[in-house]
file structure.cif (mmCIF, C-alpha atoms and all ligand atoms)
data_input
#
loop_
_atom_site.group_PDB
_atom_site.id
_atom_site.type_symbol
_atom_site.label_atom_id
_atom_site.label_comp_id
_atom_site.auth_asym_id
_atom_site.auth_seq_id
_atom_site.Cartn_x
_atom_site.Cartn_y
_atom_site.Cartn_z
ATOM 1 C CA MET A 25 -14.471 10.219 -15.894
ATOM 2 C CA THR A 26 -14.276 7.223 -13.592
ATOM 3 C CA ARG A 27 -14.848 3.625 -14.554
ATOM 4 C CA SER A 28 -16.050 0.559 -12.764
ATOM 5 C CA ASP A 29 -13.844 -2.073 -14.372
ATOM 6 C CA THR A 30 -12.716 -5.235 -12.652
ATOM 7 C CA LEU A 31 -9.717 -7.214 -13.886
ATOM 8 C CA GLN A 32 -10.124 -10.958 -13.416
ATOM 9 C CA VAL A 33 -7.196 -13.269 -14.066
ATOM 10 C CA ARG A 34 -7.879 -17.016 -14.037
ATOM 11 C CA GLY A 35 -5.735 -19.954 -15.046
ATOM 12 C CA LEU A 36 -3.169 -17.776 -16.830
ATOM 13 C CA ALA A 37 -0.231 -19.651 -18.321
ATOM 14 C CA THR A 38 2.666 -18.184 -20.255
ATOM 15 C CA GLY A 39 6.373 -18.581 -20.863
ATOM 16 C CA TYR A 40 8.965 -18.826 -23.562
ATOM 17 C CA ARG A 41 9.422 -21.315 -26.350
ATOM 18 C CA ALA A 42 11.521 -23.712 -24.335
ATOM 19 C CA ARG A 43 10.084 -23.039 -20.902
ATOM 20 C CA GLN A 44 6.756 -22.435 -19.195
ATOM 21 C CA ILE A 45 7.215 -19.741 -16.522
ATOM 22 C CA ILE A 46 3.655 -19.161 -15.242
ATOM 23 C CA ARG A 47 1.286 -22.134 -14.937
ATOM 24 C CA GLY A 48 -2.404 -21.700 -14.215
ATOM 25 C CA LEU A 49 -2.136 -18.496 -12.212
ATOM 26 C CA ASP A 50 -5.199 -16.932 -10.523
ATOM 27 C CA LEU A 51 -5.245 -13.412 -9.091
ATOM 28 C CA PRO A 52 -7.751 -11.884 -6.691
ATOM 29 C CA ASP A 53 -10.122 -9.567 -8.584
ATOM 30 C CA LEU A 54 -8.536 -6.136 -9.076
ATOM 31 C CA ARG A 55 -10.980 -3.230 -8.979
ATOM 32 C CA ALA A 56 -11.120 0.165 -10.676
ATOM 33 C CA GLY A 57 -9.202 2.830 -8.789
ATOM 34 C CA GLU A 58 -6.966 0.352 -6.989
ATOM 35 C CA VAL A 59 -3.177 0.122 -6.931
ATOM 36 C CA HIS A 60 -1.621 -3.343 -6.640
ATOM 37 C CA SER A 61 2.017 -4.292 -6.313
ATOM 38 C CA LEU A 62 3.554 -7.428 -7.728
ATOM 39 C CA VAL A 63 6.556 -8.414 -5.637
ATOM 40 C CA GLY A 64 8.899 -11.364 -5.435
ATOM 41 C CA PRO A 65 12.517 -12.381 -5.914
ATOM 42 C CA ASN A 66 14.569 -12.023 -9.084
ATOM 43 C CA ALA A 67 13.428 -14.364 -11.864
ATOM 44 C CA ALA A 68 10.110 -15.093 -10.090
ATOM 45 C CA GLY A 69 8.261 -14.290 -13.330
ATOM 46 C CA LYS A 70 6.997 -10.786 -12.540
ATOM 47 C CA SER A 71 7.953 -9.177 -15.870
ATOM 48 C CA THR A 72 6.783 -12.259 -17.744
ATOM 49 C CA LEU A 73 3.384 -12.001 -16.043
ATOM 50 C CA MET A 74 3.168 -8.264 -16.778
ATOM 51 C CA ARG A 75 3.979 -8.798 -20.468
ATOM 52 C CA ALA A 76 1.355 -11.528 -20.670
ATOM 53 C CA LEU A 77 -1.236 -9.231 -19.079
ATOM 54 C CA ALA A 78 -0.239 -6.588 -21.660
ATOM 55 C CA GLY A 79 -0.765 -9.045 -24.508
ATOM 56 C CA LEU A 80 2.918 -8.827 -25.451
ATOM 57 C CA GLN A 81 3.521 -12.542 -25.264
ATOM 58 C CA PRO A 82 1.372 -15.564 -25.955
ATOM 59 C CA ALA A 83 -0.727 -16.717 -23.019
ATOM 60 C CA SER A 84 -3.563 -19.117 -22.326
ATOM 61 C CA GLY A 85 -6.244 -18.896 -19.679
ATOM 62 C CA SER A 86 -8.464 -15.901 -19.050
ATOM 63 C CA VAL A 87 -7.871 -12.188 -18.442
ATOM 64 C CA ARG A 88 -11.200 -10.366 -18.338
ATOM 65 C CA LEU A 89 -11.545 -6.593 -18.078
ATOM 66 C CA GLY A 90 -15.061 -5.420 -17.275
ATOM 67 C CA GLY A 91 -16.270 -8.818 -18.488
ATOM 68 C CA GLU A 92 -14.435 -8.649 -21.834
ATOM 69 C CA GLU A 93 -11.869 -11.382 -22.577
ATOM 70 C CA LEU A 94 -8.445 -9.909 -23.417
ATOM 71 C CA VAL A 95 -6.555 -13.151 -24.108
ATOM 72 C CA GLY A 96 -6.477 -13.559 -27.877
ATOM 73 C CA LEU A 97 -7.391 -9.932 -28.679
ATOM 74 C CA PRO A 98 -5.294 -8.395 -31.471
ATOM 75 C CA LEU A 99 -2.364 -6.473 -29.965
ATOM 76 C CA ALA A 100 -3.645 -3.039 -31.072
ATOM 77 C CA GLU A 101 -7.005 -3.712 -29.394
ATOM 78 C CA HIS A 102 -5.285 -5.010 -26.274
ATOM 79 C CA ALA A 103 -3.023 -1.934 -26.139
ATOM 80 C CA ARG A 104 -6.045 0.386 -26.174
ATOM 81 C CA ARG A 105 -7.150 -1.125 -22.867
ATOM 82 C CA VAL A 106 -3.868 -2.007 -21.181
ATOM 83 C CA THR A 107 -0.635 0.024 -21.225
ATOM 84 C CA TYR A 108 2.678 -1.524 -20.209
ATOM 85 C CA MET A 109 5.684 0.524 -19.126
ATOM 86 C CA PRO A 110 8.787 -1.650 -19.501
ATOM 87 C CA GLN A 111 11.814 -1.487 -17.223
ATOM 88 C CA THR A 112 13.860 0.522 -19.722
ATOM 89 C CA LEU A 113 13.164 3.064 -22.440
ATOM 90 C CA PRO A 114 14.735 2.112 -25.799
ATOM 91 C CA GLN A 115 18.001 3.973 -26.550
ATOM 92 C CA GLY A 116 18.877 5.857 -29.729
ATOM 93 C CA VAL A 117 15.514 7.567 -30.275
ATOM 94 C CA ALA A 118 16.057 11.045 -31.796
ATOM 95 C CA LEU A 119 12.955 12.705 -30.359
ATOM 96 C CA SER A 120 12.334 15.405 -27.797
ATOM 97 C CA VAL A 121 10.527 14.472 -24.602
ATOM 98 C CA LEU A 122 7.354 16.233 -25.765
ATOM 99 C CA GLU A 123 7.477 14.567 -29.203
ATOM 100 C CA SER A 124 7.871 11.157 -27.596
ATOM 101 C CA VAL A 125 4.843 11.709 -25.341
ATOM 102 C CA LEU A 126 2.783 12.977 -28.299
ATOM 103 C CA GLY A 127 3.911 9.917 -30.261
ATOM 104 C CA ALA A 128 2.751 7.631 -27.448
ATOM 105 C CA LEU A 129 -0.620 9.381 -27.428
ATOM 106 C CA GLN A 130 -1.068 9.097 -31.196
ATOM 107 C CA ALA A 131 0.059 5.462 -31.257
ATOM 108 C CA SER A 132 -2.476 4.531 -28.602
ATOM 109 C CA ALA A 133 -5.441 5.824 -30.665
ATOM 110 C CA THR A 134 -7.476 5.766 -27.511
ATOM 111 C CA GLY A 135 -10.546 7.051 -29.261
ATOM 112 C CA HIS A 136 -10.929 10.130 -27.098
ATOM 113 C CA PRO A 137 -13.370 12.615 -28.587
ATOM 114 C CA ASP A 138 -10.583 15.174 -28.878
ATOM 115 C CA GLY A 139 -8.238 12.601 -30.395
ATOM 116 C CA ASP A 140 -8.061 14.291 -33.788
ATOM 117 C CA SER A 141 -7.087 17.745 -32.654
ATOM 118 C CA HIS A 142 -3.368 18.510 -32.587
ATOM 119 C CA ASP A 143 -3.911 21.254 -30.020
ATOM 120 C CA ALA A 144 -5.857 18.950 -27.730
ATOM 121 C CA ALA A 145 -3.144 16.285 -27.984
ATOM 122 C CA GLN A 146 -0.511 18.923 -27.222
ATOM 123 C CA ARG A 147 -2.502 20.076 -24.173
ATOM 124 C CA ARG A 148 -2.810 16.518 -22.850
ATOM 125 C CA ALA A 149 0.892 15.859 -23.350
ATOM 126 C CA VAL A 150 1.879 19.091 -21.607
ATOM 127 C CA ALA A 151 -0.555 18.402 -18.750
ATOM 128 C CA ILE A 152 0.903 14.961 -18.120
ATOM 129 C CA LEU A 153 4.494 16.275 -18.257
ATOM 130 C CA GLU A 154 3.481 18.851 -15.677
ATOM 131 C CA ARG A 155 1.926 16.227 -13.383
ATOM 132 C CA VAL A 156 4.977 13.985 -13.663
ATOM 133 C CA GLY A 157 7.100 17.067 -12.857
ATOM 134 C CA ILE A 158 9.180 17.103 -16.044
ATOM 135 C CA LEU A 159 7.637 19.942 -18.072
ATOM 136 C CA HIS A 160 11.010 21.712 -17.936
ATOM 137 C CA LEU A 161 12.444 18.791 -19.972
ATOM 138 C CA ALA A 162 9.822 19.028 -22.759
ATOM 139 C CA MET A 163 12.246 20.197 -25.461
ATOM 140 C CA GLU A 164 15.208 18.040 -24.337
ATOM 141 C CA GLY A 165 16.347 15.180 -26.548
ATOM 142 C CA LEU A 166 15.614 11.745 -25.048
ATOM 143 C CA ASP A 167 19.240 10.721 -25.510
ATOM 144 C CA HIS A 168 20.447 13.608 -23.341
ATOM 145 C CA LEU A 169 18.545 12.551 -20.242
ATOM 146 C CA SER A 170 19.749 10.894 -17.061
ATOM 147 C CA GLY A 171 18.507 7.412 -16.155
ATOM 148 C CA GLY A 172 15.948 8.745 -13.681
ATOM 149 C CA GLN A 173 14.713 11.384 -16.129
ATOM 150 C CA ARG A 174 14.268 8.692 -18.781
ATOM 151 C CA GLN A 175 12.206 6.661 -16.327
ATOM 152 C CA LEU A 176 9.936 9.672 -15.679
ATOM 153 C CA VAL A 177 9.488 10.196 -19.440
ATOM 154 C CA SER A 178 8.587 6.546 -19.822
ATOM 155 C CA LEU A 179 5.956 7.009 -17.109
ATOM 156 C CA ALA A 180 4.572 10.100 -18.870
ATOM 157 C CA GLN A 181 4.341 8.106 -22.141
ATOM 158 C CA ALA A 182 2.291 5.454 -20.346
ATOM 159 C CA LEU A 183 0.043 7.861 -18.416
ATOM 160 C CA VAL A 184 -0.820 10.070 -21.397
ATOM 161 C CA ARG A 185 -2.628 7.111 -22.987
ATOM 162 C CA ALA A 186 -5.127 7.123 -20.095
ATOM 163 C CA PRO A 187 -5.415 3.326 -20.106
ATOM 164 C CA ARG A 188 -8.010 1.355 -18.154
ATOM 165 C CA VAL A 189 -5.196 -0.850 -16.849
ATOM 166 C CA LEU A 190 -1.700 0.523 -16.266
ATOM 167 C CA LEU A 191 1.193 -1.922 -15.831
ATOM 168 C CA LEU A 192 4.443 -0.417 -14.535
ATOM 169 C CA ASP A 193 7.553 -2.611 -14.400
ATOM 170 C CA GLU A 194 9.861 -1.258 -11.661
ATOM 171 C CA PRO A 195 8.833 2.380 -12.278
ATOM 172 C CA ILE A 196 10.934 3.862 -9.468
ATOM 173 C CA SER A 197 14.123 1.789 -9.691
ATOM 174 C CA ALA A 198 16.208 4.730 -11.009
ATOM 175 C CA LEU A 199 14.579 7.496 -8.955
ATOM 176 C CA ASP A 200 15.793 9.480 -5.949
ATOM 177 C CA LEU A 201 13.777 9.503 -2.707
ATOM 178 C CA GLN A 202 11.696 12.556 -3.593
ATOM 179 C CA HIS A 203 10.830 11.315 -7.059
ATOM 180 C CA GLN A 204 9.960 7.839 -5.746
ATOM 181 C CA LEU A 205 7.394 9.444 -3.461
ATOM 182 C CA ARG A 206 6.050 11.750 -6.182
ATOM 183 C CA VAL A 207 5.579 8.879 -8.628
ATOM 184 C CA MET A 208 3.860 6.610 -6.118
ATOM 185 C CA ARG A 209 1.528 9.424 -5.070
ATOM 186 C CA LEU A 210 0.773 10.337 -8.702
ATOM 187 C CA VAL A 211 -0.058 6.762 -9.691
ATOM 188 C CA GLN A 212 -2.388 6.425 -6.707
ATOM 189 C CA GLU A 213 -4.060 9.791 -7.468
ATOM 190 C CA LEU A 214 -4.570 8.943 -11.145
ATOM 191 C CA ALA A 215 -5.917 5.494 -10.321
ATOM 192 C CA ARG A 216 -8.503 7.070 -8.010
ATOM 193 C CA GLU A 217 -9.328 9.962 -10.412
ATOM 194 C CA ARG A 218 -9.629 7.902 -13.573
ATOM 195 C CA GLY A 219 -10.918 4.661 -12.118
ATOM 196 C CA MET A 220 -7.783 3.059 -13.534
ATOM 197 C CA ILE A 221 -6.366 -0.250 -12.286
ATOM 198 C CA ALA A 222 -2.618 0.103 -11.645
ATOM 199 C CA ILE A 223 -0.283 -2.860 -11.197
ATOM 200 C CA MET A 224 3.346 -2.199 -10.380
ATOM 201 C CA VAL A 225 6.357 -4.445 -10.060
ATOM 202 C CA LEU A 226 8.321 -3.199 -7.052
ATOM 203 C CA HIS A 227 11.303 -4.557 -5.150
ATOM 204 C CA ASP A 228 10.964 -2.132 -2.243
ATOM 205 C CA LEU A 229 8.379 -3.859 -0.039
ATOM 206 C CA GLN A 230 8.040 -0.928 2.310
ATOM 207 C CA ILE A 231 7.077 1.400 -0.541
ATOM 208 C CA ALA A 232 4.787 -1.272 -1.977
ATOM 209 C CA ALA A 233 3.093 -1.628 1.411
ATOM 210 C CA ARG A 234 2.615 2.095 1.867
ATOM 211 C CA TRP A 235 1.051 2.822 -1.513
ATOM 212 C CA SER A 236 -0.796 -0.351 -2.514
ATOM 213 C CA ASP A 237 -4.328 -1.505 -1.870
ATOM 214 C CA GLY A 238 -3.213 -5.061 -2.478
ATOM 215 C CA ILE A 239 -0.028 -7.115 -2.786
ATOM 216 C CA VAL A 240 0.587 -10.147 -4.972
ATOM 217 C CA MET A 241 3.707 -12.059 -3.951
ATOM 218 C CA LEU A 242 5.098 -14.278 -6.666
ATOM 219 C CA SER A 243 7.704 -17.028 -6.413
ATOM 220 C CA GLN A 244 8.786 -19.400 -9.188
ATOM 221 C CA GLY A 245 5.868 -18.368 -11.357
ATOM 222 C CA ALA A 246 3.212 -18.998 -8.703
ATOM 223 C CA VAL A 247 1.261 -16.754 -6.340
ATOM 224 C CA VAL A 248 2.423 -17.360 -2.777
ATOM 225 C CA ALA A 249 0.597 -14.616 -0.856
ATOM 226 C CA THR A 250 -2.074 -12.017 -1.614
ATOM 227 C CA GLY A 251 -4.184 -9.548 0.310
ATOM 228 C CA THR A 252 -3.680 -6.199 1.947
ATOM 229 C CA PRO A 253 -0.016 -5.332 2.570
ATOM 230 C CA GLY A 254 -0.339 -6.435 6.190
ATOM 231 C CA GLU A 255 -1.876 -9.759 5.177
ATOM 232 C CA ALA A 256 0.613 -10.590 2.416
ATOM 233 C CA ILE A 257 3.900 -9.300 3.844
ATOM 234 C CA THR A 258 4.621 -11.319 6.976
ATOM 235 C CA PRO A 259 7.725 -12.902 8.501
ATOM 236 C CA ALA A 260 6.439 -16.279 7.252
ATOM 237 C CA SER A 261 5.940 -15.158 3.624
ATOM 238 C CA LEU A 262 9.287 -13.318 3.593
ATOM 239 C CA ALA A 263 11.052 -16.438 4.874
ATOM 240 C CA ARG A 264 9.347 -18.679 2.341
ATOM 241 C CA VAL A 265 9.685 -16.430 -0.707
ATOM 242 C CA TYR A 266 12.911 -14.484 -0.107
ATOM 243 C CA GLY A 267 14.711 -16.866 2.251
ATOM 244 C CA VAL A 268 15.260 -14.184 4.889
ATOM 245 C CA GLN A 269 14.482 -13.861 8.566
ATOM 246 C CA ALA A 270 12.624 -10.574 8.957
ATOM 247 C CA ARG A 271 10.465 -8.621 11.356
ATOM 248 C CA VAL A 272 7.369 -6.759 10.187
ATOM 249 C CA GLU A 273 5.957 -3.989 12.349
ATOM 250 C CA HIS A 274 2.789 -2.019 11.721
ATOM 251 C CA CYS A 275 3.457 1.732 11.964
ATOM 252 C CA SER A 276 1.097 4.087 13.778
ATOM 253 C CA ARG A 277 0.730 6.232 10.584
ATOM 254 C CA GLY A 278 -0.150 3.164 8.511
ATOM 255 C CA GLY A 279 2.344 1.239 6.423
ATOM 256 C CA LEU A 280 4.771 -1.445 7.449
ATOM 257 C CA GLN A 281 8.288 -1.356 8.806
ATOM 258 C CA ILE A 282 10.252 -4.330 7.470
ATOM 259 C CA MET A 283 13.584 -5.223 9.043
ATOM 260 C CA VAL A 284 15.610 -8.005 7.477
ATOM 261 C CA ASP A 285 17.908 -9.626 10.066
ATOM 262 C CA GLU A 286 19.417 -12.708 8.440
ATOM 263 C CA VAL A 287 19.622 -14.765 5.294
ATOM 264 C CA LEU A 288 18.182 -18.153 6.153
HETATM 265 N N1 LIG B 1 13.072 -13.805 -23.440
HETATM 266 C C1 LIG B 1 13.223 -14.853 -22.605
HETATM 267 N N2 LIG B 1 13.466 -16.091 -23.079
HETATM 268 C C2 LIG B 1 13.589 -17.145 -22.255
HETATM 269 N N3 LIG B 1 13.483 -17.063 -20.912
HETATM 270 C C3 LIG B 1 13.249 -15.853 -20.376
HETATM 271 C C4 LIG B 1 13.109 -14.677 -21.185
HETATM 272 N N4 LIG B 1 12.869 -13.624 -20.372
HETATM 273 C C5 LIG B 1 12.880 -14.125 -19.105
HETATM 274 N N5 LIG B 1 13.098 -15.444 -19.104
HETATM 275 C C6 LIG B 1 13.159 -16.331 -17.926
HETATM 276 O O1 LIG B 1 11.902 -16.277 -17.262
HETATM 277 C C7 LIG B 1 12.088 -16.327 -15.855
HETATM 278 C C8 LIG B 1 11.315 -15.165 -15.231
HETATM 279 O O2 LIG B 1 11.911 -13.947 -15.692
HETATM 280 P P1 LIG B 1 11.243 -12.540 -15.382
HETATM 281 O O3 LIG B 1 12.028 -11.514 -16.114
HETATM 282 O O4 LIG B 1 9.783 -12.641 -15.632
HETATM 283 O O5 LIG B 1 11.493 -12.430 -13.803
HETATM 284 P P2 LIG B 1 11.291 -11.192 -12.813
HETATM 285 O O6 LIG B 1 10.524 -11.708 -11.642
HETATM 286 O O7 LIG B 1 10.718 -10.035 -13.536
HETATM 287 O O8 LIG B 1 12.796 -10.927 -12.379
HETATM 288 P P3 LIG B 1 13.604 -9.593 -11.927
HETATM 289 O O9 LIG B 1 13.088 -9.205 -10.548
HETATM 290 O O10 LIG B 1 15.005 -10.108 -11.838
HETATM 291 O O11 LIG B 1 13.412 -8.527 -12.971
HETATM 292 C C9 LIG B 1 13.586 -16.277 -15.603
HETATM 293 O O12 LIG B 1 14.032 -17.582 -15.282
HETATM 294 C C10 LIG B 1 14.176 -15.832 -16.915
HETATM 295 O O13 LIG B 1 15.430 -16.432 -17.121
#
call {"tool": "encode", "arguments": {"input": "structure.cif", "output": "structure tokens", "more": "lines below"}}
Ligand SMILES: Nc1ncnc2c1ncn2[C@@H]1O[C@H](COP(=O)(O)OP(=O)(O)OP(=O)(O)O)[C@@H](O)[C@H]1O
result
Amino acid sequence: MTRSDTLQVRGLATGYRARQIIRGLDLPDLRAGEVHSLVGPNAAGKSTLMRALAGLQPASGSVRLGGEELVGLPLAEHARRVTYMPQTLPQGVALSVLESVLGALQASATGHPDGDSHDAAQRRAVAILERVGILHLAMEGLDHLSGGQRQLVSLAQALVRAPRVLLLDEPISALDLQHQLRVMRLVQELARERGMIAIMVLHDLQIAARWSDGIVMLSQGAVVATGTPGEAITPASLARVYGVQARVEHCSRGGLQIMVDEVL
């Protein structure tokens, strides 16, 4: 099944009790099947923005999905439409990998027609573990996994919910080169297959450029550059946002080559 959702973010404001982090932020419209990367320096507000989009912290302004306003929806309703994968999986959970993915599926109550059947849930969980490449870990305890394996389980927990909008906060930060590539390819494939909108926080701009339809560059809670990777990632935006002197070259196979020469 594919969808034709558009996510429209207008005038979004959010922060913490003592401090507003994001003030009146607009994003370009994000369309079904697209992958977008949210990039920017440490403390720019990327995770704060993601949590606000996920309905996990109070926000004002407008976030519309397929015309429906999400700001102010009860959390359970919000979570049925938007899934957020945080930077780290909670520790001390005495479940196997498969149980944790089944738990994520049940908790999401996505209203799939086969949602009631235990066998169907089991099949979906196994299928997603297979696609993430961790079926061999199905019976392992979560607390016995390496950091990278935990990150892949966290991804499987998010993907099994089949959300309309998938938010991934640094999903490849603990992964080796091969698994980084596999995860980026999988997210792009699933976005296209399901008509899902995927937004990822990434620090690696080259990977973001290679796998994203669009880039949003954030600095101090505000959008500084948007567009295709080639439009958003330029020597001028890198100097302004990251304070570095860099060269950006367009590769013949697509993608960008970014070389950072100096701190300004
Ligand atoms: N729970 C909190 N309470 C108060 N302030 C917070 C809280 N979480 C984050 N902040 C502040 O909000 C600002 C943005 O933080 P955020 O985690 O959104 O940045 P980020 O862009 O995701 O950074 P990083 O790349 O380092 O993960 C920072 O100044 C941070 O200190």
call {"tool": "closest_residue", "arguments": {"input": "structure.cif", "among": "A:Glu93, A:Asp228, A:Glu154, A:Asp53", "to": "ligand LIG 1 (chain B)", "atoms": "only C-alpha atoms and all ligand atoms"}}
result
A:Asp228
call {"tool": "residues_around", "arguments": {"input": "structure.cif", "residues": "Gly79 of chain A", "least_positions_apart": "3", "cutoff": "10 Å", "atoms": "only C-alpha atoms", "output": "list in words"}}
result
Leu73, Met74, Arg75, Ala76, Pro82, Ala83, Val87, Leu94, Val95, Gly96, Leu97, Pro98, Leu99, Ala100, Glu101, His102, Ala103, Val106, Thr107 and Tyr108 of chain A
call {"tool": "resolve_selection", "arguments": {"input": "structure.cif", "expression": "the PyMOL selection byres (((chain A and resi 30) around 12) and not hetatm)", "output": "PyMOL selection string"}}
result
chain A and resi 27-29+31-33+51-58+87-93+188-189+219-222
call {"tool": "write_last_selection", "arguments": {"input": "structure.cif", "atoms": "C-alpha atoms", "output": "PDB file, in the coordinates of the input"}}
result
ATOM      1  CA  ARG A  27     -14.848   3.625 -14.554  1.00  0.00           C
ATOM      2  CA  SER A  28     -16.050   0.559 -12.764  1.00  0.00           C
ATOM      3  CA  ASP A  29     -13.844  -2.073 -14.372  1.00  0.00           C
ATOM      4  CA  LEU A  31      -9.717  -7.214 -13.886  1.00  0.00           C
ATOM      5  CA  GLN A  32     -10.124 -10.958 -13.416  1.00  0.00           C
ATOM      6  CA  VAL A  33      -7.196 -13.269 -14.066  1.00  0.00           C
ATOM      7  CA  LEU A  51      -5.245 -13.412  -9.091  1.00  0.00           C
ATOM      8  CA  PRO A  52      -7.751 -11.884  -6.691  1.00  0.00           C
ATOM      9  CA  ASP A  53     -10.122  -9.567  -8.584  1.00  0.00           C
ATOM     10  CA  LEU A  54      -8.536  -6.136  -9.076  1.00  0.00           C
ATOM     11  CA  ARG A  55     -10.980  -3.230  -8.979  1.00  0.00           C
ATOM     12  CA  ALA A  56     -11.120   0.165 -10.676  1.00  0.00           C
ATOM     13  CA  GLY A  57      -9.202   2.830  -8.789  1.00  0.00           C
ATOM     14  CA  GLU A  58      -6.966   0.352  -6.989  1.00  0.00           C
ATOM     15  CA  VAL A  87      -7.871 -12.188 -18.442  1.00  0.00           C
ATOM     16  CA  ARG A  88     -11.200 -10.366 -18.338  1.00  0.00           C
ATOM     17  CA  LEU A  89     -11.545  -6.593 -18.078  1.00  0.00           C
ATOM     18  CA  GLY A  90     -15.061  -5.420 -17.275  1.00  0.00           C
ATOM     19  CA  GLY A  91     -16.270  -8.818 -18.488  1.00  0.00           C
ATOM     20  CA  GLU A  92     -14.435  -8.649 -21.834  1.00  0.00           C
ATOM     21  CA  GLU A  93     -11.869 -11.382 -22.577  1.00  0.00           C
ATOM     22  CA  ARG A 188      -8.010   1.355 -18.154  1.00  0.00           C
ATOM     23  CA  VAL A 189      -5.196  -0.850 -16.849  1.00  0.00           C
ATOM     24  CA  GLY A 219     -10.918   4.661 -12.118  1.00  0.00           C
ATOM     25  CA  MET A 220      -7.783   3.059 -13.534  1.00  0.00           C
ATOM     26  CA  ILE A 221      -6.366  -0.250 -12.286  1.00  0.00           C
ATOM     27  CA  ALA A 222      -2.618   0.103 -11.645  1.00  0.00           C
TER      28      ALA A 222
END
call {"tool": "resolve_selection", "arguments": {"input": "structure.cif", "expression": "the PyMOL selection byres (((not hetatm)) within 12 of (chain B and resi 1))", "output": "number ranges by chain"}}
result
A: 38-46, 62-76, 80-81, 110-112, 192-195, 197, 224-228, 241-247, 265-266
call {"tool": "write_last_selection", "arguments": {"input": "structure.cif", "atoms": "C-alpha atoms", "output": "mmCIF file, keeping the file's coordinate frame"}}
result
data_model
loop_
_atom_site.group_PDB
_atom_site.id
_atom_site.type_symbol
_atom_site.label_atom_id
_atom_site.label_comp_id
_atom_site.auth_asym_id
_atom_site.auth_seq_id
_atom_site.Cartn_x
_atom_site.Cartn_y
_atom_site.Cartn_z
ATOM 1 C CA THR A 38 2.666 -18.184 -20.255
ATOM 2 C CA GLY A 39 6.373 -18.581 -20.863
ATOM 3 C CA TYR A 40 8.965 -18.826 -23.562
ATOM 4 C CA ARG A 41 9.422 -21.315 -26.350
ATOM 5 C CA ALA A 42 11.521 -23.712 -24.335
ATOM 6 C CA ARG A 43 10.084 -23.039 -20.902
ATOM 7 C CA GLN A 44 6.756 -22.435 -19.195
ATOM 8 C CA ILE A 45 7.215 -19.741 -16.522
ATOM 9 C CA ILE A 46 3.655 -19.161 -15.242
ATOM 10 C CA LEU A 62 3.554 -7.428 -7.728
ATOM 11 C CA VAL A 63 6.556 -8.414 -5.637
ATOM 12 C CA GLY A 64 8.899 -11.364 -5.435
ATOM 13 C CA PRO A 65 12.517 -12.381 -5.914
ATOM 14 C CA ASN A 66 14.569 -12.023 -9.084
ATOM 15 C CA ALA A 67 13.428 -14.364 -11.864
ATOM 16 C CA ALA A 68 10.110 -15.093 -10.090
ATOM 17 C CA GLY A 69 8.261 -14.290 -13.330
ATOM 18 C CA LYS A 70 6.997 -10.786 -12.540
ATOM 19 C CA SER A 71 7.953 -9.177 -15.870
ATOM 20 C CA THR A 72 6.783 -12.259 -17.744
ATOM 21 C CA LEU A 73 3.384 -12.001 -16.043
ATOM 22 C CA MET A 74 3.168 -8.264 -16.778
ATOM 23 C CA ARG A 75 3.979 -8.798 -20.468
ATOM 24 C CA ALA A 76 1.355 -11.528 -20.670
ATOM 25 C CA LEU A 80 2.918 -8.827 -25.451
ATOM 26 C CA GLN A 81 3.521 -12.542 -25.264
ATOM 27 C CA PRO A 110 8.787 -1.650 -19.501
ATOM 28 C CA GLN A 111 11.814 -1.487 -17.223
ATOM 29 C CA THR A 112 13.860 0.522 -19.722
ATOM 30 C CA LEU A 192 4.443 -0.417 -14.535
ATOM 31 C CA ASP A 193 7.553 -2.611 -14.400
ATOM 32 C CA GLU A 194 9.861 -1.258 -11.661
ATOM 33 C CA PRO A 195 8.833 2.380 -12.278
ATOM 34 C CA SER A 197 14.123 1.789 -9.691
ATOM 35 C CA MET A 224 3.346 -2.199 -10.380
ATOM 36 C CA VAL A 225 6.357 -4.445 -10.060
ATOM 37 C CA LEU A 226 8.321 -3.199 -7.052
ATOM 38 C CA HIS A 227 11.303 -4.557 -5.150
ATOM 39 C CA ASP A 228 10.964 -2.132 -2.243
ATOM 40 C CA MET A 241 3.707 -12.059 -3.951
ATOM 41 C CA LEU A 242 5.098 -14.278 -6.666
ATOM 42 C CA SER A 243 7.704 -17.028 -6.413
ATOM 43 C CA GLN A 244 8.786 -19.400 -9.188
ATOM 44 C CA GLY A 245 5.868 -18.368 -11.357
ATOM 45 C CA ALA A 246 3.212 -18.998 -8.703
ATOM 46 C CA VAL A 247 1.261 -16.754 -6.340
ATOM 47 C CA VAL A 265 9.685 -16.430 -0.707
ATOM 48 C CA TYR A 266 12.911 -14.484 -0.107
#
call {"tool": "atom_distance", "arguments": {"input": "structure.cif", "atom1": "atom CA of Arg185 of chain A", "atom2": "atom CA of Ala37 of chain A"}}
result
27.3 Å
call {"tool": "residues_around", "arguments": {"input": "structure.cif", "residues": "Gln269 of chain A", "least_positions_apart": "3", "cutoff": "12 Å", "atoms": "all atoms listed in the file", "output": "number ranges by chain"}}
result
A: 258-266, 272, 282-288
call {"tool": "residues_near_point", "arguments": {"input": "structure.cif", "point": "(-5.1, -19.7, -13.5)", "cutoff": "9 Å", "atoms": "all atoms listed in the file", "output": "ChimeraX atom specification"}}
result
/A:33-37,46-51,84-86
call {"tool": "resolve_selection", "arguments": {"input": "structure.cif", "expression": "the PyMOL selection byres (((chain A and resi 123) around 12) and not hetatm)", "output": "PyMOL selection string"}}
result
chain A and resi 117-122+124-131+145-146+149-150+153+161-166+177+180-181
call {"tool": "residues_around", "arguments": {"input": "structure.cif", "residues": "Gly172 of chain A", "least_positions_apart": "5", "cutoff": "8 Å", "atoms": "only C-alpha atoms", "output": "mmCIF file with C-alpha atoms, keeping the file's coordinate frame"}}
result
data_model
loop_
_atom_site.group_PDB
_atom_site.id
_atom_site.type_symbol
_atom_site.label_atom_id
_atom_site.label_comp_id
_atom_site.auth_asym_id
_atom_site.auth_seq_id
_atom_site.Cartn_x
_atom_site.Cartn_y
_atom_site.Cartn_z
ATOM 1 C CA ALA A 198 16.208 4.730 -11.009
ATOM 2 C CA LEU A 199 14.579 7.496 -8.955
ATOM 3 C CA ASP A 200 15.793 9.480 -5.949
#
